[in-house]
$ cat coords_35.tsv   # TSV, C-alpha atoms
chain	number	residue	atom	x	y	z
A	1	ASP	CA	-20.50	15.90	0.60
A	2	ARG	CA	-20.79	17.91	3.81
A	3	MET	CA	-21.69	14.87	5.92
A	4	TYR	CA	-18.24	13.42	5.27
A	5	GLU	CA	-16.34	16.59	6.18
A	6	PRO	CA	-14.85	16.92	9.67
A	7	LYS	CA	-16.21	19.31	12.24
A	8	ARG	CA	-14.61	22.76	11.93
A	9	LEU	CA	-12.95	24.62	14.78
A	10	ARG	CA	-12.93	28.34	14.01
A	11	CYS	CA	-9.64	29.01	15.72
A	12	GLU	CA	-5.89	28.59	15.52
A	13	MET	CA	-4.35	25.44	16.97
A	14	ALA	CA	-0.68	24.73	17.62
A	15	SER	CA	1.20	21.44	17.63
A	16	ASP	CA	4.64	20.28	18.71
A	17	THR	CA	6.41	17.01	19.45
A	18	MET	CA	7.26	16.56	23.13
A	19	ASP	CA	10.19	14.45	24.29
A	20	PRO	CA	9.30	12.78	27.63
A	21	ARG	CA	13.01	11.89	28.02
A	22	CYS	CA	12.41	8.18	28.55
A	23	GLN	CA	10.75	5.31	26.73
A	24	GLY	CA	7.18	4.65	27.76
A	25	LEU	CA	5.19	1.46	27.90
A	26	HIS	CA	4.36	-0.21	24.57
A	27	VAL	CA	7.61	1.24	23.10
A	28	TYR	CA	6.27	4.81	22.86
A	29	ARG	CA	9.05	7.37	22.59
A	30	TYR	CA	7.44	10.77	21.85
A	31	CYS	CA	4.21	12.60	22.54
A	32	GLN	CA	2.45	14.86	20.04
A	33	VAL	CA	0.82	17.75	21.88
A	34	PHE	CA	-1.89	20.05	20.51
A	35	GLY	CA	-2.67	23.28	22.33
A	36	LYS	CA	-3.63	26.93	22.14
A	37	LYS	CA	-3.15	30.13	24.10
A	38	GLN	CA	-6.13	29.42	26.36
A	39	MET	CA	-4.22	26.44	27.83
A	40	PHE	CA	-6.19	23.80	25.97
A	41	ALA	CA	-4.04	20.65	25.75
A	42	GLU	CA	-4.38	17.24	24.15
A	43	ALA	CA	-1.58	14.63	24.10
A	44	TYR	CA	-1.12	11.57	21.87
A	45	PRO	CA	1.80	9.13	22.45
A	46	ILE	CA	3.62	8.17	19.23
A	47	HIS	CA	6.42	5.72	18.46
A	48	GLN	CA	8.42	7.99	16.11
A	49	LYS	CA	8.35	11.67	15.19
A	50	LYS	CA	7.17	10.81	11.68
A	51	ASP	CA	3.95	9.38	13.20
A	52	CYS	CA	2.73	12.90	13.99
A	53	ASP	CA	0.23	12.69	11.11
A	54	GLN	CA	-1.59	9.86	12.91
A	55	SER	CA	-1.99	12.02	16.00
A	56	LEU	CA	-3.29	14.85	13.78
A	57	LYS	CA	-5.88	12.47	12.32
A	58	GLN	CA	-6.93	11.40	15.81
A	59	PHE	CA	-7.19	15.02	16.96
A	60	ILE	CA	-9.44	15.90	14.01
A	61	ASP	CA	-11.63	12.88	14.75
A	62	ASP	CA	-11.87	13.81	18.44
A	63	PHE	CA	-12.37	17.57	18.24
A	64	GLY	CA	-12.46	18.81	14.64
A	65	ALA	CA	-10.27	20.55	12.08
A	66	PRO	CA	-8.98	24.03	13.04
A	67	ASP	CA	-8.63	26.84	10.52
A	68	VAL	CA	-4.87	27.22	11.10
A	69	MET	CA	-2.24	24.82	12.48
A	70	ILE	CA	0.87	26.45	13.95
A	71	THR	CA	4.04	24.33	14.03
A	72	ASP	CA	7.77	24.85	14.33
A	73	GLY	CA	10.23	24.12	11.54
A	74	SER	CA	10.64	20.37	12.14
A	75	ARG	CA	10.94	18.28	8.98
A	76	GLU	CA	8.20	15.85	10.03
A	77	GLN	CA	5.63	18.65	10.21
A	78	THR	CA	6.67	21.18	7.57
A	79	SER	CA	8.28	19.35	4.61
A	80	SER	CA	6.07	19.39	1.52
A	81	GLY	CA	6.08	15.62	1.01
A	82	THR	CA	5.27	14.59	4.58
A	83	ALA	CA	2.06	12.85	5.63
A	84	PHE	CA	1.44	15.65	8.16
A	85	GLN	CA	1.23	18.31	5.44
A	86	ALA	CA	-0.88	15.99	3.29
A	87	ARG	CA	-3.32	15.61	6.18
A	88	LEU	CA	-3.51	19.39	6.58
A	89	ARG	CA	-4.29	19.88	2.88
A	90	LYS	CA	-6.88	17.10	2.91
A	91	ASN	CA	-8.76	18.79	5.77
A	92	LYS	CA	-8.29	22.34	4.39
A	93	ILE	CA	-6.15	23.50	7.29
A	94	VAL	CA	-3.75	26.39	6.70
A	95	SER	CA	-0.19	25.61	7.81
A	96	SER	CA	1.66	28.35	9.70
A	97	VAL	CA	5.36	27.87	10.55
A	98	THR	CA	7.07	29.86	13.30
A	99	GLN	CA	10.36	31.64	12.76
A	100	SER	CA	13.59	29.84	13.55
A	101	HIS	CA	14.68	30.05	17.22
A	102	ARG	CA	11.39	31.74	18.19
A	103	PRO	CA	9.66	29.15	20.42
A	104	GLN	CA	7.48	31.86	21.98
A	105	GLN	CA	5.58	32.08	18.67
A	106	ASN	CA	4.25	28.54	19.16
A	107	PRO	CA	1.56	28.31	21.89
A	108	ALA	CA	2.16	24.56	22.10
A	109	GLU	CA	5.53	25.28	23.75
A	110	THR	CA	3.76	26.96	26.70
A	111	VAL	CA	1.27	24.11	26.91
A	112	ILE	CA	4.06	21.51	26.90
A	113	ARG	CA	5.90	23.38	29.67
A	114	GLU	CA	2.76	23.38	31.85
A	115	LEU	CA	1.98	19.75	31.00
A	116	ARG	CA	5.52	18.64	31.88
A	117	LYS	CA	5.29	20.53	35.17
A	118	ARG	CA	2.07	18.74	36.10
A	119	TRP	CA	3.47	15.36	35.12
A	120	TYR	CA	6.61	15.83	37.24
A	121	ARG	CA	4.43	16.95	40.13
A	122	GLY	CA	2.41	13.74	39.73
A	123	ILE	CA	5.62	11.67	39.81
A	124	PHE	CA	6.82	13.48	42.94
A	125	CYS	CA	3.49	13.07	44.80
A	126	THR	CA	2.83	9.42	43.91
A	127	ASN	CA	6.31	7.99	43.25
A	128	CYS	CA	4.99	6.38	40.06
A	129	PRO	CA	7.42	5.06	37.41
A	130	ARG	CA	8.41	7.60	34.75
A	131	CYS	CA	7.73	5.04	32.01
A	132	LEU	CA	3.99	5.52	32.63
A	133	TRP	CA	4.13	8.89	30.85
A	134	ASN	CA	2.11	7.56	27.87
A	135	TYR	CA	-0.80	7.24	30.32
A	136	GLY	CA	0.08	10.17	32.58
A	137	LEU	CA	0.53	12.91	29.95
A	138	PRO	CA	-2.86	12.29	28.25
A	139	HIS	CA	-4.49	12.13	31.70
A	140	PHE	CA	-3.04	15.44	32.90
A	141	ALA	CA	-3.82	17.02	29.51
A	142	LYS	CA	-7.47	16.06	30.02
A	143	LEU	CA	-7.39	17.63	33.47
A	144	MET	CA	-6.03	20.84	31.93
A	145	GLN	CA	-8.93	20.83	29.47
A	146	LEU	CA	-11.54	20.39	32.20
A	147	THR	CA	-10.18	22.78	34.84
A	148	ALA	CA	-11.97	26.13	35.04
A	149	THR	CA	-9.61	29.10	35.34
A	150	ASN	CA	-9.49	32.87	35.08
A	151	ALA	CA	-6.15	32.77	33.26
A	152	ALA	CA	-5.76	33.48	29.53
A	153	GLY	CA	-9.04	35.39	29.43
A	154	LEU	CA	-11.23	32.37	30.18
A	155	ASN	CA	-13.13	34.14	33.01
A	156	GLY	CA	-14.04	30.97	34.88
A	157	GLU	CA	-14.55	28.76	31.83
A	158	THR	CA	-12.79	25.52	31.04
A	159	PRO	CA	-10.41	25.45	28.03
A	160	LEU	CA	-12.48	22.66	26.45
A	161	GLY	CA	-15.70	24.58	26.98
A	162	ALA	CA	-14.21	27.69	25.37
A	163	LEU	CA	-13.06	25.63	22.39
A	164	LEU	CA	-16.29	23.71	21.71
A	165	GLY	CA	-18.81	26.20	23.06
A	166	GLU	CA	-20.48	23.79	25.48
A	167	THR	CA	-20.04	22.75	29.11
A	168	PRO	CA	-17.96	19.54	29.31
A	169	ASP	CA	-18.85	16.55	31.50
A	170	ILE	CA	-16.26	16.13	34.25
A	171	SER	CA	-18.00	13.35	36.23
A	172	GLN	CA	-15.59	10.58	35.12
A	173	TYR	CA	-12.61	12.48	36.53
A	174	LEU	CA	-14.01	13.12	40.01
A	175	ASP	CA	-13.73	9.68	41.61
A	176	PHE	CA	-10.01	8.94	41.38
A	177	ALA	CA	-6.71	10.79	41.38
A	178	TRP	CA	-3.67	9.79	39.38
A	179	TYR	CA	-2.08	6.53	40.58
A	180	ASP	CA	-4.65	5.94	43.34
A	181	TRP	CA	-5.08	2.47	44.79
A	182	VAL	CA	-8.33	0.96	43.48
A	183	TRP	CA	-10.29	-2.28	43.54
A	184	TYR	CA	-11.26	-3.57	40.12
A	185	LYS	CA	-13.17	-6.57	38.79
A	186	GLU	CA	-12.61	-8.36	35.51
A	187	ASN	CA	-15.02	-10.49	33.43
A	188	ALA	CA	-17.75	-7.80	33.27
A	189	GLY	CA	-17.62	-7.30	37.04
A	190	LEU	CA	-18.22	-10.98	37.89
A	191	ASP	CA	-14.69	-11.75	39.08
A	192	VAL	CA	-13.35	-11.27	42.60
A	193	PRO	CA	-11.90	-7.81	43.38
A	194	HIS	CA	-8.23	-7.22	42.59
A	195	LEU	CA	-5.93	-4.43	43.71
A	196	GLY	CA	-4.47	-2.06	41.13
A	197	LYS	CA	-3.41	1.49	40.34
A	198	TYR	CA	-5.55	4.05	38.52
A	199	LEU	CA	-4.04	5.36	35.25
A	200	GLY	CA	-6.85	7.50	33.84
A	201	VAL	CA	-10.08	7.38	31.87
A	202	THR	CA	-10.16	5.49	28.58
A	203	ASP	CA	-12.39	6.17	25.59
A	204	SER	CA	-15.24	3.66	25.36
A	205	VAL	CA	-18.12	3.22	22.94
A	206	SER	CA	-20.36	1.93	25.76
A	207	ASN	CA	-22.26	4.02	28.29
A	208	LEU	CA	-20.13	2.61	31.12
A	209	ALA	CA	-17.19	4.57	32.48
A	210	THR	CA	-14.02	2.63	31.63
A	211	TYR	CA	-10.64	3.18	33.23
A	212	PHE	CA	-7.01	2.21	32.66
A	213	ILE	CA	-5.78	0.10	35.59
A	214	LEU	CA	-2.26	-1.07	36.38
A	215	PRO	CA	-2.51	-4.60	37.89
A	216	LYS	CA	0.24	-6.53	39.63
A	217	SER	CA	1.36	-7.96	36.27
A	218	GLY	CA	2.58	-4.47	35.27
A	219	LEU	CA	0.64	-4.50	31.97
A	220	PRO	CA	-2.22	-1.92	32.00
A	221	ILE	CA	-5.73	-3.20	31.39
A	222	ARG	CA	-9.19	-1.68	30.95
A	223	ALA	CA	-11.87	-2.13	33.60
A	224	CYS	CA	-15.32	-0.65	34.10
A	225	THR	CA	-16.05	-2.01	37.61
A	226	VAL	CA	-13.68	0.08	39.73
A	227	GLN	CA	-13.91	1.24	43.35
A	228	GLN	CA	-11.60	3.37	45.41
A	229	VAL	CA	-9.61	1.82	48.24
A	230	THR	CA	-10.82	3.39	51.49
A	231	TYR	CA	-8.59	5.15	54.00
A	232	LEU	CA	-9.24	2.41	56.58
A	233	GLU	CA	-8.17	-0.30	54.11
A	234	LEU	CA	-4.97	1.62	53.37
A	235	ARG	CA	-4.19	1.86	57.09
A	236	LEU	CA	-4.81	-1.86	57.61
A	237	CYS	CA	-2.54	-2.71	54.65
A	238	SER	CA	0.23	-0.45	55.97
A	239	GLN	CA	0.15	-2.27	59.34
A	240	ILE	CA	0.55	-5.73	57.78

$ encode --input "coords_35.tsv" --output "structure tokens"
Amino acid sequence: DRMYEPKRLRCEMASDTMDPRCQGLHVYRYCQVFGKKQMFAEAYPIHQKKDCDQSLKQFIDDFGAPDVMITDGSREQTSSGTAFQARLRKNKIVSSVTQSHRPQQNPAETVIRELRKRWYRGIFCTNCPRCLWNYGLPHFAKLMQLTATNAAGLNGETPLGALLGETPDISQYLDFAWYDWVWYKENAGLDVPHLGKYLGVTDSVSNLATYFILPKSGLPIRACTVQQVTYLELRLCSQI
């Protein structure tokens, strides 16, 4: 039945497993990245390389099933008995494997290089811990999706807009920058304000904007009542 079929993306999509070179929070070790030549990027933290099929399922649920999926020759993505290949066949996606030692044939390699560059720049500017990559990489991938550019033939469009054919909503990403100091309230906004660090926008089924916040406990939480710490408050805190 057509109503149970995933949305189709009439394009080629590439995928590759990124090694962030350190263990993230919640015991994440790798990041599965999906991308294309127009610098579209989406990142999903995974525990093991063999979990790449779960990230493929999540990508199809979030955006749709592409016509072709380009991967390198890794066993987890190309072996006939893997869950990744089974997921491709189930969603009628053609598997295309690049030649050995030809990383330039996989657009995901270029996307990963740009994503890693932005993540390292975020670490340098904010001095945040490297183990936060499982929040930072998805956040910077979203920013890549929503940033209008003239590169790669986009002519002022955003990569997400070129992929889906509609103008994306960027309002949730305008209030805070990565690892900003913020005030947040728990218990549906009824608690007293607490100080924390901003870790990105989280998916929510409600109409309220929900964010990942790093409190003083060091375990990220979700909060929907979030305000930015003002410049005057930062100056007063620095003088204490």

$ residues_near_point --input "coords_35.tsv" --point "(-4.8, -5.9, 30.6)" --cutoff "12 Å" --atoms "all atoms listed in the file" --output "PyMOL selection string"
chain A and resi 184-187+196+211-223

$ write_last_selection --input "coords_35.tsv" --atoms "C-alpha atoms" --output "CSV table (one decimal), in the frame of the given file"
chain,number,residue,atom,x,y,z
A,184,TYR,CA,-11.3,-3.6,40.1
A,185,LYS,CA,-13.2,-6.6,38.8
A,186,GLU,CA,-12.6,-8.4,35.5
A,187,ASN,CA,-15.0,-10.5,33.4
A,196,GLY,CA,-4.5,-2.1,41.1
A,211,TYR,CA,-10.6,3.2,33.2
A,212,PHE,CA,-7.0,2.2,32.7
A,213,ILE,CA,-5.8,0.1,35.6
A,214,LEU,CA,-2.3,-1.1,36.4
A,215,PRO,CA,-2.5,-4.6,37.9
A,216,LYS,CA,0.2,-6.5,39.6
A,217,SER,CA,1.4,-8.0,36.3
A,218,GLY,CA,2.6,-4.5,35.3
A,219,LEU,CA,0.6,-4.5,32.0
A,220,PRO,CA,-2.2,-1.9,32.0
A,221,ILE,CA,-5.7,-3.2,31.4
A,222,ARG,CA,-9.2,-1.7,31.0
A,223,ALA,CA,-11.9,-2.1,33.6

$ closest_residue --input "coords_35.tsv" --among "A:Arg10, A:Asp203, A:Asp61, A:Thr230" --to "A:Gly165" --atoms "only C-alpha atoms"
A:Arg10

$ atom_distance --input "coords_35.tsv" --atom1 "atom CA of A:Phe176" --atom2 "atom CA of A:Gln23"
25.7 Å

$ closest_residue --input "coords_35.tsv" --among "A:Pro66, A:Gly24, A:Pro45, A:Pro168" --to "A:Cys11" --atoms "all atoms listed in the file"
A:Pro66

$ residues_around --input "coords_35.tsv" --residues "A:Phe59" --least-positions-apart "3" --cutoff "12 Å" --atoms "only C-alpha atoms" --output "list of chain:residue names"
A:Pro6, A:Lys7, A:Arg8, A:Leu9, A:Met13, A:Ala14, A:Ser15, A:Gln32, A:Val33, A:Phe34, A:Gly35, A:Ala41, A:Glu42, A:Ala43, A:Tyr44, A:Cys52, A:Asp53, A:Gln54, A:Ser55, A:Leu56, A:Asp62, A:Phe63, A:Gly64, A:Ala65, A:Pro66, A:Met69, A:Arg87, A:Leu88, A:Asn91

$ residues_around --input "coords_35.tsv" --residues "stretch 28-30 of chain A" --least-positions-apart "6" --cutoff "6 Å" --atoms "all atoms listed in the file" --output "VMD selection string"
chain A and resid 18 to 19 45 to 47

$ atom_distance --input "coords_35.tsv" --atom1 "atom CA of A:Glu12" --atom2 "atom CA of A:Val68"
4.7 Å

$ atom_distance --input "coords_35.tsv" --atom1 "atom CA of A:Ile112" --atom2 "atom CA of A:Ala83"
23.1 Å

$ residues_around --input "coords_35.tsv" --residues "stretch 147-151 of chain A" --least-positions-apart "2" --cutoff "12 Å" --atoms "all atoms listed in the file" --output "number ranges by chain"
A: 37-41, 140-145, 153-162, 167-170, 173-174

$ closest_residue --input "coords_35.tsv" --among "A:Glu114, A:Asp180, A:Asp72, A:Glu5" --to "A:Ser100" --atoms "only C-alpha atoms"
A:Asp72
